[in-house]
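A short worksheet on the structure shown next.
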Amino acid sequence: MNLQETINSKTKQGALYEKIEGGKVRCLACGHGCVISDNSTGICKVRRNNQGILMVPNGYVSGLGIDPIEKKPFFHVLPCAKTLSFGMLGCNFKCAFCQNHITSQALRDPFCFSGIEEISSDEIAALAVKKNIPLIVSTYNEPLITTEWAVEIFSKAGEKGIRGAYVSNGYATAKVLDFIRPYVDFYKVDLKTFNPDNYKRICGGSLEIVKKTIEEIYKRGFWLEIVTLLIPGFNDSEQELKDIAEFICGVSADIPWHVTAFHPDYKMKRADFTSPSSILNAVDTGKKAGLNYVYAGNMGHSQFENTFCPGCKELLVERNGYFVEKFSVLVDAGGKGICPGCKRRIAGVWK
Ligand code: SF4
């Protein structure tokens with residue numbers, strides 16, 4: 001069996017689809033809304049029409065590991081918490097700069113070799129309980145395309161008080177967001193560029209759908225953080241950064257924006273590394289746009305990975321890479337944060 005055949009065989013009937021004429025189905029799990037003929041897969045290559053029934057991945061992972069929550073990155077959620085992170089195969093995008101292409105592109109690029117390991121949702125939930133891990137994260141590849149599997153895991157883990165999170169490209173539909181909302185508390189979106197042509201050409205998606213998803217995630221009350229991988233010559237112009245920051249700020253000034261440094265990878269091996277000055281310029285642009293929390297990532301230890309009170313500027317969370325060295329946010333019984341200096345509310349889910 002080749003990899004595609006193996007993936008096709010590890011499936012279960014999905015929930016996020018509708019039957020349409022001629023034995024076709026329309027998938028509702030992501031913004032592509034693929035219309036899939038019998039015996040074919042959608043763009044992601046993991047959801048397949050089998051005689052008018054949409055079959056979706058179930059019962060395996062391509063990777064499973066314990067990561068600090070700061071690595072996702074979530075900086076305003078349960079500081080220092082361990083996460084049980086799992087990844088699958090495939091993606092609904094084809095970003096030329098993908099830093100997880102070995103798994104995300106394994107089904108469409110013969111140079112990306114990956115495998116899977118069978119495991120049940122009960123076993124994943126039990127592992128989180130055994131290791132005393134408060135959060136399971138669907139990450140490493142695009143979680144939206146395997147949503148039913150994530151929800152199966154999260155619903156079992158949720159019975160034990162374990163919460164769920166998505167690390168995603170934000171190419172969702174209202175339907176899938178409503179479907180996951182009871183099981184997912186935390187949602188990280190990669191906002192890759194503010195240039196619609198580049199979104200289409202380099203990633204295979206639509207900027208408008210990602211923007212809409214960000215607004216809808218926020219409206220539904222998920223805790224949301226946004227990451228932009230800063231790629232020289234691709235998305236680092238002053239105007240584009242300003243547009244991104246102003247858009248996020250228009251949704252909420254309290255959404256953390258992580259601007260992270262790129263290293264040449266996949267089909268962008270000839271691009272430059274992001275310079276520290278470029279990252280700091282983006283951080284500055286975010287702050288000038290009015291965002292309360294802007295962070296520099298992949299740049300080495302600096303004050304730009306710390307959280308300061310947006311009011312009195314007191315240092316509240318001091319980080320060194322994935323480690324939290326100081327934490328002085330006052331946390332109330334409901335998990336809301338307060339600055340000990342000026343008593344301003346510090347956005348996040350701190351407990
Ligand atoms: S998840 Fe997206 S890419 Fe995959 S089949 Fe569904 S609509 Fe198509």
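Letters A, B, ... go to the chains of the structure tokens in the order shown; residues in each chain start at 1; ligands are counted from 1 in the same order.
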Every residue of region 123-237 of chain A that DSSP places in alpha helix (DSSP H), as an MDAnalysis selection string: chainID A and resid 123:130 147:158 174:180 196:198 207:219
Taking N, CA and C atoms for each residue, export the selection above as a short mmCIF file (atom, residue, chain, number, x, y, z; two decimals), in the first residue's frame.
data_model
loop_
_atom_site.label_atom_id
_atom_site.label_comp_id
_atom_site.auth_asym_id
_atom_site.auth_seq_id
_atom_site.Cartn_x
_atom_site.Cartn_y
_atom_site.Cartn_z
N GLU A 123 -6.62 6.23 23.80
CA GLU A 123 -5.20 6.15 24.20
C GLU A 123 -4.58 7.55 24.30
N ILE A 124 -4.94 8.43 23.39
CA ILE A 124 -4.37 9.79 23.44
C ILE A 124 -4.88 10.52 24.69
N ALA A 125 -6.19 10.41 24.95
CA ALA A 125 -6.74 11.07 26.14
C ALA A 125 -6.11 10.48 27.41
N ALA A 126 -5.94 9.15 27.44
CA ALA A 126 -5.37 8.51 28.63
C ALA A 126 -3.92 8.94 28.84
N LEU A 127 -3.20 9.14 27.75
CA LEU A 127 -1.80 9.58 27.87
C LEU A 127 -1.74 10.98 28.50
N ALA A 128 -2.64 11.86 28.07
CA ALA A 128 -2.65 13.21 28.65
C ALA A 128 -2.96 13.15 30.14
N VAL A 129 -3.90 12.26 30.50
CA VAL A 129 -4.25 12.13 31.93
C VAL A 129 -3.05 11.59 32.70
N LYS A 130 -2.44 10.54 32.16
CA LYS A 130 -1.30 9.91 32.85
C LYS A 130 -0.16 10.89 33.08
N THR A 147 -10.79 17.50 11.42
CA THR A 147 -11.55 18.02 12.56
C THR A 147 -12.34 16.95 13.31
N GLU A 148 -13.00 16.04 12.61
CA GLU A 148 -13.81 15.04 13.33
C GLU A 148 -12.94 14.20 14.26
N TRP A 149 -11.73 13.89 13.83
CA TRP A 149 -10.80 13.10 14.65
C TRP A 149 -10.38 13.92 15.86
N ALA A 150 -10.06 15.19 15.67
CA ALA A 150 -9.67 16.05 16.80
C ALA A 150 -10.81 16.14 17.81
N VAL A 151 -12.03 16.31 17.30
CA VAL A 151 -13.17 16.44 18.21
C VAL A 151 -13.40 15.13 18.98
N GLU A 152 -13.17 14.00 18.33
CA GLU A 152 -13.30 12.71 19.04
C GLU A 152 -12.29 12.65 20.20
N ILE A 153 -11.06 13.08 19.93
CA ILE A 153 -10.03 13.08 20.99
C ILE A 153 -10.39 14.09 22.08
N PHE A 154 -10.73 15.31 21.65
CA PHE A 154 -11.00 16.37 22.63
C PHE A 154 -12.22 16.04 23.49
N SER A 155 -13.22 15.39 22.91
CA SER A 155 -14.42 15.12 23.71
C SER A 155 -14.09 14.10 24.80
N LYS A 156 -13.23 13.13 24.48
CA LYS A 156 -12.85 12.15 25.51
C LYS A 156 -11.95 12.80 26.56
N ALA A 157 -11.00 13.62 26.10
CA ALA A 157 -10.10 14.30 27.05
C ALA A 157 -10.87 15.32 27.88
N GLY A 158 -11.87 15.95 27.27
CA GLY A 158 -12.66 16.96 27.98
C GLY A 158 -13.38 16.38 29.19
N ALA A 174 -17.86 28.85 8.89
CA ALA A 174 -18.66 29.03 10.11
C ALA A 174 -19.08 27.67 10.66
N LYS A 175 -19.37 26.77 9.75
CA LYS A 175 -19.84 25.43 10.14
C LYS A 175 -18.78 24.70 11.00
N VAL A 176 -17.54 24.72 10.55
CA VAL A 176 -16.52 23.97 11.29
C VAL A 176 -16.21 24.68 12.62
N LEU A 177 -16.25 26.00 12.64
CA LEU A 177 -15.99 26.71 13.91
C LEU A 177 -17.09 26.39 14.93
N ASP A 178 -18.34 26.34 14.46
CA ASP A 178 -19.42 25.98 15.39
C ASP A 178 -19.27 24.53 15.87
N PHE A 179 -18.80 23.69 14.96
CA PHE A 179 -18.63 22.26 15.28
C PHE A 179 -17.57 22.04 16.37
N ILE A 180 -16.46 22.80 16.27
CA ILE A 180 -15.36 22.57 17.23
C ILE A 180 -15.50 23.37 18.52
N PRO A 196 -3.52 39.53 -1.39
CA PRO A 196 -4.41 38.45 -1.85
C PRO A 196 -3.80 37.59 -2.94
N ASP A 197 -3.02 38.21 -3.83
CA ASP A 197 -2.41 37.42 -4.91
C ASP A 197 -1.40 36.42 -4.36
N ASN A 198 -0.61 36.87 -3.39
CA ASN A 198 0.37 35.96 -2.80
C ASN A 198 -0.31 34.83 -2.03
N LEU A 207 -7.13 35.34 1.01
CA LEU A 207 -6.96 36.23 2.16
C LEU A 207 -8.30 36.55 2.81
N GLU A 208 -9.32 36.78 1.99
CA GLU A 208 -10.62 37.18 2.54
C GLU A 208 -11.18 36.10 3.46
N ILE A 209 -10.98 34.83 3.10
CA ILE A 209 -11.50 33.75 3.96
C ILE A 209 -10.74 33.71 5.28
N VAL A 210 -9.42 33.92 5.23
CA VAL A 210 -8.64 33.91 6.48
C VAL A 210 -9.06 35.09 7.36
N LYS A 211 -9.25 36.26 6.76
CA LYS A 211 -9.69 37.43 7.54
C LYS A 211 -11.05 37.16 8.19
N LYS A 212 -11.95 36.60 7.41
CA LYS A 212 -13.29 36.30 7.93
C LYS A 212 -13.20 35.29 9.08
N THR A 213 -12.33 34.29 8.90
CA THR A 213 -12.17 33.28 9.96
C THR A 213 -11.68 33.93 11.24
N ILE A 214 -10.71 34.82 11.13
CA ILE A 214 -10.18 35.49 12.33
C ILE A 214 -11.31 36.24 13.06
N GLU A 215 -12.12 36.94 12.29
CA GLU A 215 -13.24 37.67 12.91
C GLU A 215 -14.22 36.71 13.58
N GLU A 216 -14.49 35.60 12.90
CA GLU A 216 -15.47 34.65 13.43
C GLU A 216 -14.94 33.90 14.65
N ILE A 217 -13.65 33.60 14.65
CA ILE A 217 -13.05 32.95 15.83
C ILE A 217 -13.20 33.87 17.03
N TYR A 218 -12.86 35.13 16.82
CA TYR A 218 -12.95 36.09 17.93
C TYR A 218 -14.39 36.22 18.43
N LYS A 219 -15.32 36.34 17.47
CA LYS A 219 -16.74 36.50 17.85
C LYS A 219 -17.25 35.33 18.67
#
Taking only C-alpha atoms and all ligand atoms into account, report as an mmCIF file with N, CA, C and O atoms, in the first residue's frame which residues have an atom no farther than 7 Å from an atom of ligand 1.
data_model
loop_
_atom_site.group_PDB
_atom_site.id
_atom_site.type_symbol
_atom_site.label_atom_id
_atom_site.label_comp_id
_atom_site.auth_asym_id
_atom_site.auth_seq_id
_atom_site.Cartn_x
_atom_site.Cartn_y
_atom_site.Cartn_z
ATOM 1 N N CYS A 27 -17.629 19.137 0.916
ATOM 2 C CA CYS A 27 -16.988 19.139 2.232
ATOM 3 C C CYS A 27 -17.142 20.524 2.857
ATOM 4 O O CYS A 27 -16.973 21.545 2.182
ATOM 5 N N LEU A 28 -17.425 20.554 4.149
ATOM 6 C CA LEU A 28 -17.664 21.822 4.850
ATOM 7 C C LEU A 28 -16.586 22.093 5.903
ATOM 8 O O LEU A 28 -16.760 22.952 6.762
ATOM 9 N N ALA A 29 -15.486 21.336 5.841
ATOM 10 C CA ALA A 29 -14.485 21.454 6.909
ATOM 11 C C ALA A 29 -13.521 22.609 6.706
ATOM 12 O O ALA A 29 -12.824 22.996 7.646
ATOM 13 N N CYS A 30 -13.438 23.145 5.488
ATOM 14 C CA CYS A 30 -12.551 24.304 5.325
ATOM 15 C C CYS A 30 -13.067 25.188 4.209
ATOM 16 O O CYS A 30 -14.014 24.846 3.488
ATOM 17 N N GLY A 31 -12.416 26.333 4.084
ATOM 18 C CA GLY A 31 -12.868 27.369 3.178
ATOM 19 C C GLY A 31 -12.856 26.981 1.706
ATOM 20 O O GLY A 31 -13.461 27.671 0.884
ATOM 21 N N HIS A 32 -12.196 25.899 1.345
ATOM 22 C CA HIS A 32 -12.222 25.465 -0.058
ATOM 23 C C HIS A 32 -13.603 24.950 -0.466
ATOM 24 O O HIS A 32 -13.972 25.041 -1.648
ATOM 25 N N GLY A 33 -14.320 24.346 0.481
ATOM 26 C CA GLY A 33 -15.653 23.808 0.158
ATOM 27 C C GLY A 33 -15.619 22.859 -1.022
ATOM 28 O O GLY A 33 -16.466 22.928 -1.925
ATOM 29 N N CYS A 34 -14.685 21.935 -1.028
ATOM 30 C CA CYS A 34 -14.500 21.045 -2.189
ATOM 31 C C CYS A 34 -15.769 20.263 -2.523
ATOM 32 O O CYS A 34 -16.416 19.700 -1.638
ATOM 33 N N THR A 41 -10.617 12.452 -3.711
ATOM 34 C CA THR A 41 -10.369 13.212 -2.479
ATOM 35 C C THR A 41 -10.500 14.704 -2.773
ATOM 36 O O THR A 41 -10.443 15.136 -3.930
ATOM 37 N N GLY A 42 -10.622 15.486 -1.692
ATOM 38 C CA GLY A 42 -10.592 16.936 -1.827
ATOM 39 C C GLY A 42 -9.161 17.434 -1.949
ATOM 40 O O GLY A 42 -8.205 16.635 -2.027
ATOM 41 N N ILE A 43 -9.010 18.754 -1.964
ATOM 42 C CA ILE A 43 -7.686 19.364 -2.151
ATOM 43 C C ILE A 43 -6.683 18.859 -1.107
ATOM 44 O O ILE A 43 -5.509 18.650 -1.411
ATOM 45 N N CYS A 44 -7.144 18.638 0.108
ATOM 46 C CA CYS A 44 -6.226 18.207 1.183
ATOM 47 C C CYS A 44 -5.775 16.765 1.031
ATOM 48 O O CYS A 44 -4.831 16.330 1.688
ATOM 49 N N LYS A 45 -6.470 15.986 0.232
ATOM 50 C CA LYS A 45 -6.142 14.586 -0.069
ATOM 51 C C LYS A 45 -6.351 13.617 1.093
ATOM 52 O O LYS A 45 -5.894 12.471 1.043
ATOM 53 N N VAL A 46 -7.002 14.087 2.150
ATOM 54 C CA VAL A 46 -7.268 13.151 3.247
ATOM 55 C C VAL A 46 -8.756 12.898 3.441
ATOM 56 O O VAL A 46 -9.143 11.993 4.180
ATOM 57 N N ARG A 47 -9.612 13.671 2.790
ATOM 58 C CA ARG A 47 -11.059 13.487 2.911
ATOM 59 C C ARG A 47 -11.557 12.976 1.563
ATOM 60 O O ARG A 47 -11.326 13.614 0.526
ATOM 61 N N ASN A 92 -4.559 21.744 3.460
ATOM 62 C CA ASN A 92 -5.406 22.372 2.444
ATOM 63 C C ASN A 92 -4.676 23.523 1.750
ATOM 64 O O ASN A 92 -5.228 24.139 0.855
ATOM 65 N N LEU A 144 -7.850 21.648 10.630
ATOM 66 C CA LEU A 144 -9.226 21.715 10.114
ATOM 67 C C LEU A 144 -9.586 20.491 9.273
ATOM 68 O O LEU A 144 -10.720 20.024 9.294
ATOM 69 N N ILE A 145 -8.618 19.948 8.552
ATOM 70 C CA ILE A 145 -8.907 18.867 7.601
ATOM 71 C C ILE A 145 -9.155 17.527 8.309
ATOM 72 O O ILE A 145 -9.636 16.588 7.695
#
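The smallest atom-to-atom distance between Lys12 (chain A) and any of A:Ile244, A:Leu89, A:Cys309, A:Leu54, using only C-alpha atoms, is found for A:Leu54.
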Distance query Gln51 (chain A) at most 10 Å, only C-alpha atoms, self and fewer than 6 positions along chain excluded, as a ChimeraX atom specification: /A:23-25,37-40
Same residues, all heavy atoms, saved as a PDB file, in the first residue's frame:
ATOM      1  N   GLY A  23     -24.135  11.825  -6.814  1.00  0.00           N
ATOM      2  CA  GLY A  23     -23.247  11.054  -5.940  1.00  0.00           C
ATOM      3  C   GLY A  23     -22.070  11.853  -5.395  1.00  0.00           C
ATOM      4  O   GLY A  23     -21.177  11.290  -4.757  1.00  0.00           O
ATOM      5  N   LYS A  24     -22.081  13.161  -5.641  1.00  0.00           N
ATOM      6  CA  LYS A  24     -20.982  13.999  -5.134  1.00  0.00           C
ATOM      7  C   LYS A  24     -21.283  14.453  -3.709  1.00  0.00           C
ATOM      8  O   LYS A  24     -22.434  14.399  -3.259  1.00  0.00           O
ATOM      9  CB  LYS A  24     -20.798  15.235  -6.025  1.00  0.00           C
ATOM     10  CG  LYS A  24     -20.344  14.897  -7.425  1.00  0.00           C
ATOM     11  CD  LYS A  24     -20.266  16.158  -8.251  1.00  0.00           C
ATOM     12  CE  LYS A  24     -19.928  15.816  -9.697  1.00  0.00           C
ATOM     13  NZ  LYS A  24     -20.091  16.958 -10.580  1.00  0.00           N
ATOM     14  N   VAL A  25     -20.237  14.908  -3.024  1.00  0.00           N
ATOM     15  CA  VAL A  25     -20.418  15.511  -1.695  1.00  0.00           C
ATOM     16  C   VAL A  25     -19.706  16.853  -1.688  1.00  0.00           C
ATOM     17  O   VAL A  25     -18.747  17.079  -2.439  1.00  0.00           O
ATOM     18  CB  VAL A  25     -19.846  14.625  -0.559  1.00  0.00           C
ATOM     19  CG1 VAL A  25     -20.544  13.275  -0.502  1.00  0.00           C
ATOM     20  CG2 VAL A  25     -18.339  14.449  -0.694  1.00  0.00           C
ATOM     21  N   SER A  37     -16.171  14.161  -6.177  1.00  0.00           N
ATOM     22  CA  SER A  37     -16.836  13.050  -6.881  1.00  0.00           C
ATOM     23  C   SER A  37     -16.515  11.731  -6.194  1.00  0.00           C
ATOM     24  O   SER A  37     -15.550  11.629  -5.420  1.00  0.00           O
ATOM     25  CB  SER A  37     -16.332  12.971  -8.328  1.00  0.00           C
ATOM     26  OG  SER A  37     -16.606  14.178  -8.972  1.00  0.00           O
ATOM     27  N   ASP A  38     -17.316  10.730  -6.533  1.00  0.00           N
ATOM     28  CA  ASP A  38     -17.094   9.403  -5.940  1.00  0.00           C
ATOM     29  C   ASP A  38     -15.662   8.927  -6.210  1.00  0.00           C
ATOM     30  O   ASP A  38     -15.105   9.150  -7.283  1.00  0.00           O
ATOM     31  CB  ASP A  38     -18.100   8.412  -6.552  1.00  0.00           C
ATOM     32  CG  ASP A  38     -18.021   7.058  -5.868  1.00  0.00           C
ATOM     33  OD1 ASP A  38     -17.597   7.006  -4.690  1.00  0.00           O
ATOM     34  OD2 ASP A  38     -18.356   6.053  -6.518  1.00  0.00           O
ATOM     35  N   ASN A  39     -15.084   8.309  -5.189  1.00  0.00           N
ATOM     36  CA  ASN A  39     -13.747   7.725  -5.299  1.00  0.00           C
ATOM     37  C   ASN A  39     -12.653   8.777  -5.520  1.00  0.00           C
ATOM     38  O   ASN A  39     -11.603   8.473  -6.087  1.00  0.00           O
ATOM     39  CB  ASN A  39     -13.721   6.682  -6.431  1.00  0.00           C
ATOM     40  CG  ASN A  39     -12.619   5.671  -6.217  1.00  0.00           C
ATOM     41  OD1 ASN A  39     -12.156   5.491  -5.094  1.00  0.00           O
ATOM     42  ND2 ASN A  39     -12.174   5.033  -7.288  1.00  0.00           N
ATOM     43  N   SER A  40     -12.910   9.991  -5.082  1.00  0.00           N
ATOM     44  CA  SER A  40     -11.899  11.058  -5.194  1.00  0.00           C
ATOM     45  C   SER A  40     -11.727  11.735  -3.841  1.00  0.00           C
ATOM     46  O   SER A  40     -12.597  11.612  -2.965  1.00  0.00           O
ATOM     47  CB  SER A  40     -12.341  12.131  -6.194  1.00  0.00           C
ATOM     48  OG  SER A  40     -12.557  11.563  -7.448  1.00  0.00           O
TER      49      SER A  40
END
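Among the candidate residues A:Thr139, A:Ser120, A:Thr173, A:Asn2, the one lying nearest to Tyr17 (chain A) is A:Thr173, with distances computed using only C-alpha atoms.
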Give me, as a CSV table (one decimal) with N, CA, C and O atoms, in the first residue's frame, all polymer residues having an atom no more than 6 Å from Gly348 (chain A), counting only C-alpha atoms and skipping those fewer than 2 positions away in the same chain.
chain,number,residue,atom,x,y,z
A,76,HIS,N,-0.6,33.8,26.1
A,76,HIS,CA,-1.5,34.3,27.1
A,76,HIS,C,-2.4,33.2,27.5
A,76,HIS,O,-3.6,33.4,27.8
A,77,VAL,N,-1.9,32.0,27.5
A,77,VAL,CA,-2.7,30.8,27.9
A,77,VAL,C,-1.9,30.0,28.9
A,77,VAL,O,-0.8,29.6,28.5
A,350,TRP,N,-5.4,32.6,32.0
A,350,TRP,CA,-4.2,32.4,32.8
A,350,TRP,C,-4.3,31.2,33.7
A,350,TRP,O,-3.3,30.9,34.4
All strand (DSSP E) positions in region 22-224 of chain A, as a PyMOL selection string: chain A and resi 25-27+35-36+48-50+53-57+60-61+63-68+82-87+117-118+135-138+163-168+184-190+223-224
Store the residues picked out above, limited to N, CA and C atoms, as a CSV table (one decimal), in the first residue's frame.
chain,number,residue,atom,x,y,z
A,25,VAL,N,-20.2,14.9,-3.0
A,25,VAL,CA,-20.4,15.5,-1.7
A,25,VAL,C,-19.7,16.9,-1.7
A,26,ARG,N,-20.2,17.8,-0.8
A,26,ARG,CA,-19.5,19.0,-0.6
A,26,ARG,C,-18.9,19.0,0.8
A,27,CYS,N,-17.6,19.1,0.9
A,27,CYS,CA,-17.0,19.1,2.2
A,27,CYS,C,-17.1,20.5,2.9
A,35,VAL,N,-16.1,20.2,-3.8
A,35,VAL,CA,-17.1,19.3,-4.3
A,35,VAL,C,-16.4,18.1,-4.8
A,36,ILE,N,-16.7,16.9,-4.2
A,36,ILE,CA,-15.8,15.7,-4.4
A,36,ILE,C,-16.7,14.6,-5.1
A,48,ARG,N,-12.2,11.8,1.6
A,48,ARG,CA,-12.5,11.1,0.4
A,48,ARG,C,-14.0,10.7,0.3
A,49,ASN,N,-14.5,10.9,-0.9
A,49,ASN,CA,-15.9,10.4,-1.2
A,49,ASN,C,-15.9,8.9,-1.5
A,50,ASN,N,-16.6,8.2,-0.7
A,50,ASN,CA,-16.7,6.8,-1.0
A,50,ASN,C,-18.2,6.5,-1.2
A,53,ILE,N,-20.5,9.0,0.5
A,53,ILE,CA,-20.2,9.2,2.0
A,53,ILE,C,-18.8,9.8,2.1
A,54,LEU,N,-18.7,10.9,2.8
A,54,LEU,CA,-17.4,11.5,3.0
A,54,LEU,C,-16.6,10.8,4.1
A,55,MET,N,-15.5,10.1,3.8
A,55,MET,CA,-14.7,9.4,4.8
A,55,MET,C,-13.6,10.3,5.2
A,56,VAL,N,-13.3,10.4,6.5
A,56,VAL,CA,-12.3,11.3,7.0
A,56,VAL,C,-11.3,10.6,7.9
A,57,PRO,N,-10.1,11.1,8.1
A,57,PRO,CA,-9.1,10.4,8.9
A,57,PRO,C,-9.5,10.1,10.3
A,60,TYR,N,-5.2,7.4,13.9
A,60,TYR,CA,-3.7,7.5,13.8
A,60,TYR,C,-3.2,8.9,14.0
A,61,VAL,N,-1.9,9.0,14.2
A,61,VAL,CA,-1.2,10.3,14.1
A,61,VAL,C,0.0,10.1,13.3
A,63,GLY,N,2.5,12.3,14.3
A,63,GLY,CA,3.4,12.7,15.3
A,63,GLY,C,2.7,13.0,16.6
A,64,LEU,N,3.4,12.7,17.7
A,64,LEU,CA,2.7,12.9,19.0
A,64,LEU,C,3.9,13.3,20.0
A,65,GLY,N,3.7,14.4,20.6
A,65,GLY,CA,4.8,14.8,21.5
A,65,GLY,C,4.3,15.7,22.6
A,66,ILE,N,5.2,15.9,23.5
A,66,ILE,CA,4.9,16.9,24.6
A,66,ILE,C,5.7,18.1,24.4
A,67,ASP,N,5.0,19.2,24.2
A,67,ASP,CA,5.6,20.5,24.0
A,67,ASP,C,5.1,21.6,25.0
A,68,PRO,N,6.0,22.5,25.3
A,68,PRO,CA,5.5,23.6,26.1
A,68,PRO,C,4.5,24.5,25.3
A,82,LYS,N,2.3,22.2,30.0
A,82,LYS,CA,2.7,21.2,29.0
A,82,LYS,C,1.5,20.9,28.1
A,83,THR,N,1.8,20.7,26.8
A,83,THR,CA,0.7,20.3,25.9
A,83,THR,C,1.0,18.9,25.3
A,84,LEU,N,0.0,18.1,25.1
A,84,LEU,CA,0.1,16.9,24.3
A,84,LEU,C,-0.3,17.3,22.9
A,85,SER,N,0.7,17.3,22.0
A,85,SER,CA,0.5,17.8,20.7
A,85,SER,C,0.5,16.7,19.7
A,86,PHE,N,-0.5,16.6,18.8
A,86,PHE,CA,-0.5,15.6,17.8
A,86,PHE,C,-0.6,16.2,16.4
A,87,GLY,N,-0.1,15.5,15.4
A,87,GLY,CA,-0.1,16.0,14.1
A,87,GLY,C,-0.6,14.9,13.2
A,117,GLU,N,1.2,6.4,12.7
A,117,GLU,CA,1.2,5.4,13.8
A,117,GLU,C,-0.2,5.2,14.2
A,118,GLU,N,-0.7,4.0,14.3
A,118,GLU,CA,-2.1,3.8,14.7
A,118,GLU,C,-2.2,4.1,16.2
A,135,LEU,N,-3.8,20.2,28.4
A,135,LEU,CA,-4.2,20.7,27.1
A,135,LEU,C,-3.7,19.8,25.9
A,136,ILE,N,-4.6,19.4,25.0
A,136,ILE,CA,-4.2,18.7,23.8
A,136,ILE,C,-4.3,19.6,22.6
A,137,VAL,N,-3.3,19.6,21.8
A,137,VAL,CA,-3.3,20.5,20.7
A,137,VAL,C,-3.2,19.7,19.4
A,138,SER,N,-4.1,20.1,18.4
A,138,SER,CA,-4.0,19.6,17.1
A,138,SER,C,-3.1,20.5,16.3
A,163,ARG,N,-8.3,20.5,28.1
A,163,ARG,CA,-8.9,21.4,27.1
A,163,ARG,C,-8.2,21.2,25.7
A,164,GLY,N,-8.8,21.7,24.7
A,164,GLY,CA,-8.4,21.5,23.3
A,164,GLY,C,-7.9,22.8,22.7
A,165,ALA,N,-7.0,22.7,21.7
A,165,ALA,CA,-6.5,23.8,21.0
A,165,ALA,C,-6.2,23.5,19.6
A,166,TYR,N,-6.3,24.5,18.7
A,166,TYR,CA,-6.0,24.3,17.3
A,166,TYR,C,-4.8,25.3,16.9
A,167,VAL,N,-3.9,24.8,16.2
A,167,VAL,CA,-2.8,25.6,15.6
A,167,VAL,C,-3.0,25.5,14.1
A,168,SER,N,-3.5,26.6,13.5
A,168,SER,CA,-4.2,26.4,12.2
A,168,SER,C,-3.8,27.6,11.2
A,184,VAL,N,-12.9,23.1,21.7
A,184,VAL,CA,-11.6,23.9,21.5
A,184,VAL,C,-11.8,25.3,22.1
A,185,ASP,N,-10.8,25.5,23.1
A,185,ASP,CA,-10.8,26.8,23.8
A,185,ASP,C,-9.9,27.8,23.1
A,186,PHE,N,-8.8,27.3,22.5
A,186,PHE,CA,-7.7,28.2,22.1
A,186,PHE,C,-7.4,27.9,20.6
A,187,TYR,N,-7.2,29.0,19.9
A,187,TYR,CA,-7.1,28.9,18.5
A,187,TYR,C,-5.9,29.8,18.0
A,188,LYS,N,-4.9,29.3,17.4
A,188,LYS,CA,-3.8,30.1,16.9
A,188,LYS,C,-4.0,30.1,15.4
A,189,VAL,N,-3.9,31.3,14.8
A,189,VAL,CA,-4.0,31.4,13.3
A,189,VAL,C,-2.7,31.9,12.7
A,190,ASP,N,-2.2,31.3,11.6
A,190,ASP,CA,-1.1,31.9,10.9
A,190,ASP,C,-1.7,32.8,9.8
A,223,TRP,N,-10.1,31.8,22.6
A,223,TRP,CA,-8.9,32.6,22.9
A,223,TRP,C,-8.0,32.6,21.6
A,224,LEU,N,-7.7,33.7,21.0
A,224,LEU,CA,-7.1,33.8,19.7
A,224,LEU,C,-5.7,34.4,19.8
Spatial neighbours of Ser275 (chain A), 9 Å, only C-alpha atoms, chain gap at least 6 places, as JSON, numbers by chain: {"A": [232, 261, 262, 299]}
Same residues, N, CA and C atoms, saved as a PDB file, in the first residue's frame:
ATOM      1  N   PRO A 232      11.509  37.834   4.120  1.00  0.00           N
ATOM      2  CA  PRO A 232      12.054  38.976   3.375  1.00  0.00           C
ATOM      3  C   PRO A 232      11.576  38.994   1.927  1.00  0.00           C
ATOM      4  N   ALA A 261      10.687  34.990  12.927  1.00  0.00           N
ATOM      5  CA  ALA A 261      11.739  35.018  11.903  1.00  0.00           C
ATOM      6  C   ALA A 261      11.687  33.753  11.047  1.00  0.00           C
ATOM      7  N   PHE A 262      11.858  33.943   9.768  1.00  0.00           N
ATOM      8  CA  PHE A 262      11.857  32.861   8.770  1.00  0.00           C
ATOM      9  C   PHE A 262      13.272  32.320   8.579  1.00  0.00           C
ATOM     10  N   MET A 299      13.988  34.757  17.356  1.00  0.00           N
ATOM     11  CA  MET A 299      15.021  35.789  17.209  1.00  0.00           C
ATOM     12  C   MET A 299      16.080  35.699  18.297  1.00  0.00           C
TER      13      MET A 299
END
Considering only C-alpha atoms, tabulate each residue of region 24-80 of chain A that lies at most 8 Å from region 322-332 of chain A along with its nearest interatomic pair and the corresponding distance in Å to one decimal; arrange the rows by chain and ascending residue number and present them as a tab-separated table.
residue	atom	partner	partner_atom	distance
A:Pro68	CA	A:Tyr322	CA	6.6
A:Ile69	CA	A:Tyr322	CA	7.9
A:Glu70	CA	A:Tyr322	CA	5.2
A:Lys71	CA	A:Tyr322	CA	6.0
A:Pro79	CA	A:Val324	CA	7.2
A:Cys80	CA	A:Val324	CA	6.4
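Closest to Ala271 (chain A) among A:Asn132, A:Leu78, A:Gly221, A:Ala96 is A:Ala96, based on only C-alpha atoms.
Atom pair CA of Phe304 (chain A) / CA of Lys287 (chain A) has a distance of 11.5 Å (rounded to one decimal).
With only C-alpha atoms as the atoms that count, the minimum distance from Arg201 (chain A) to the choices A:Tyr171, A:Phe273, A:Tyr295, A:Phe93 is reached by A:Phe93.
With distances restricted to only C-alpha atoms, A:Tyr140 is the closest residue to Gly90 (chain A) from A:Phe194, A:Tyr266, A:Tyr140, A:Phe308.
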Selection: 10 Å around Thr274 (chain A), only C-alpha atoms, excl. self and same-chain fewer than 3 positions, as number ranges by chain: A: 229-233, 236, 260-264, 271, 277-279, 298-299
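Shortest separation to Gly115 (chain A) among A:Met88, A:Ala81, A:Ala245, A:Ile133 occurs at residue A:Met88, atoms counted being only C-alpha atoms.
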Spatial neighbours of Gly321 (chain A), max dist 8 Å, only C-alpha atoms, sep filter under 3 positions, as a PyMOL selection string: chain A and resi 300-301+305
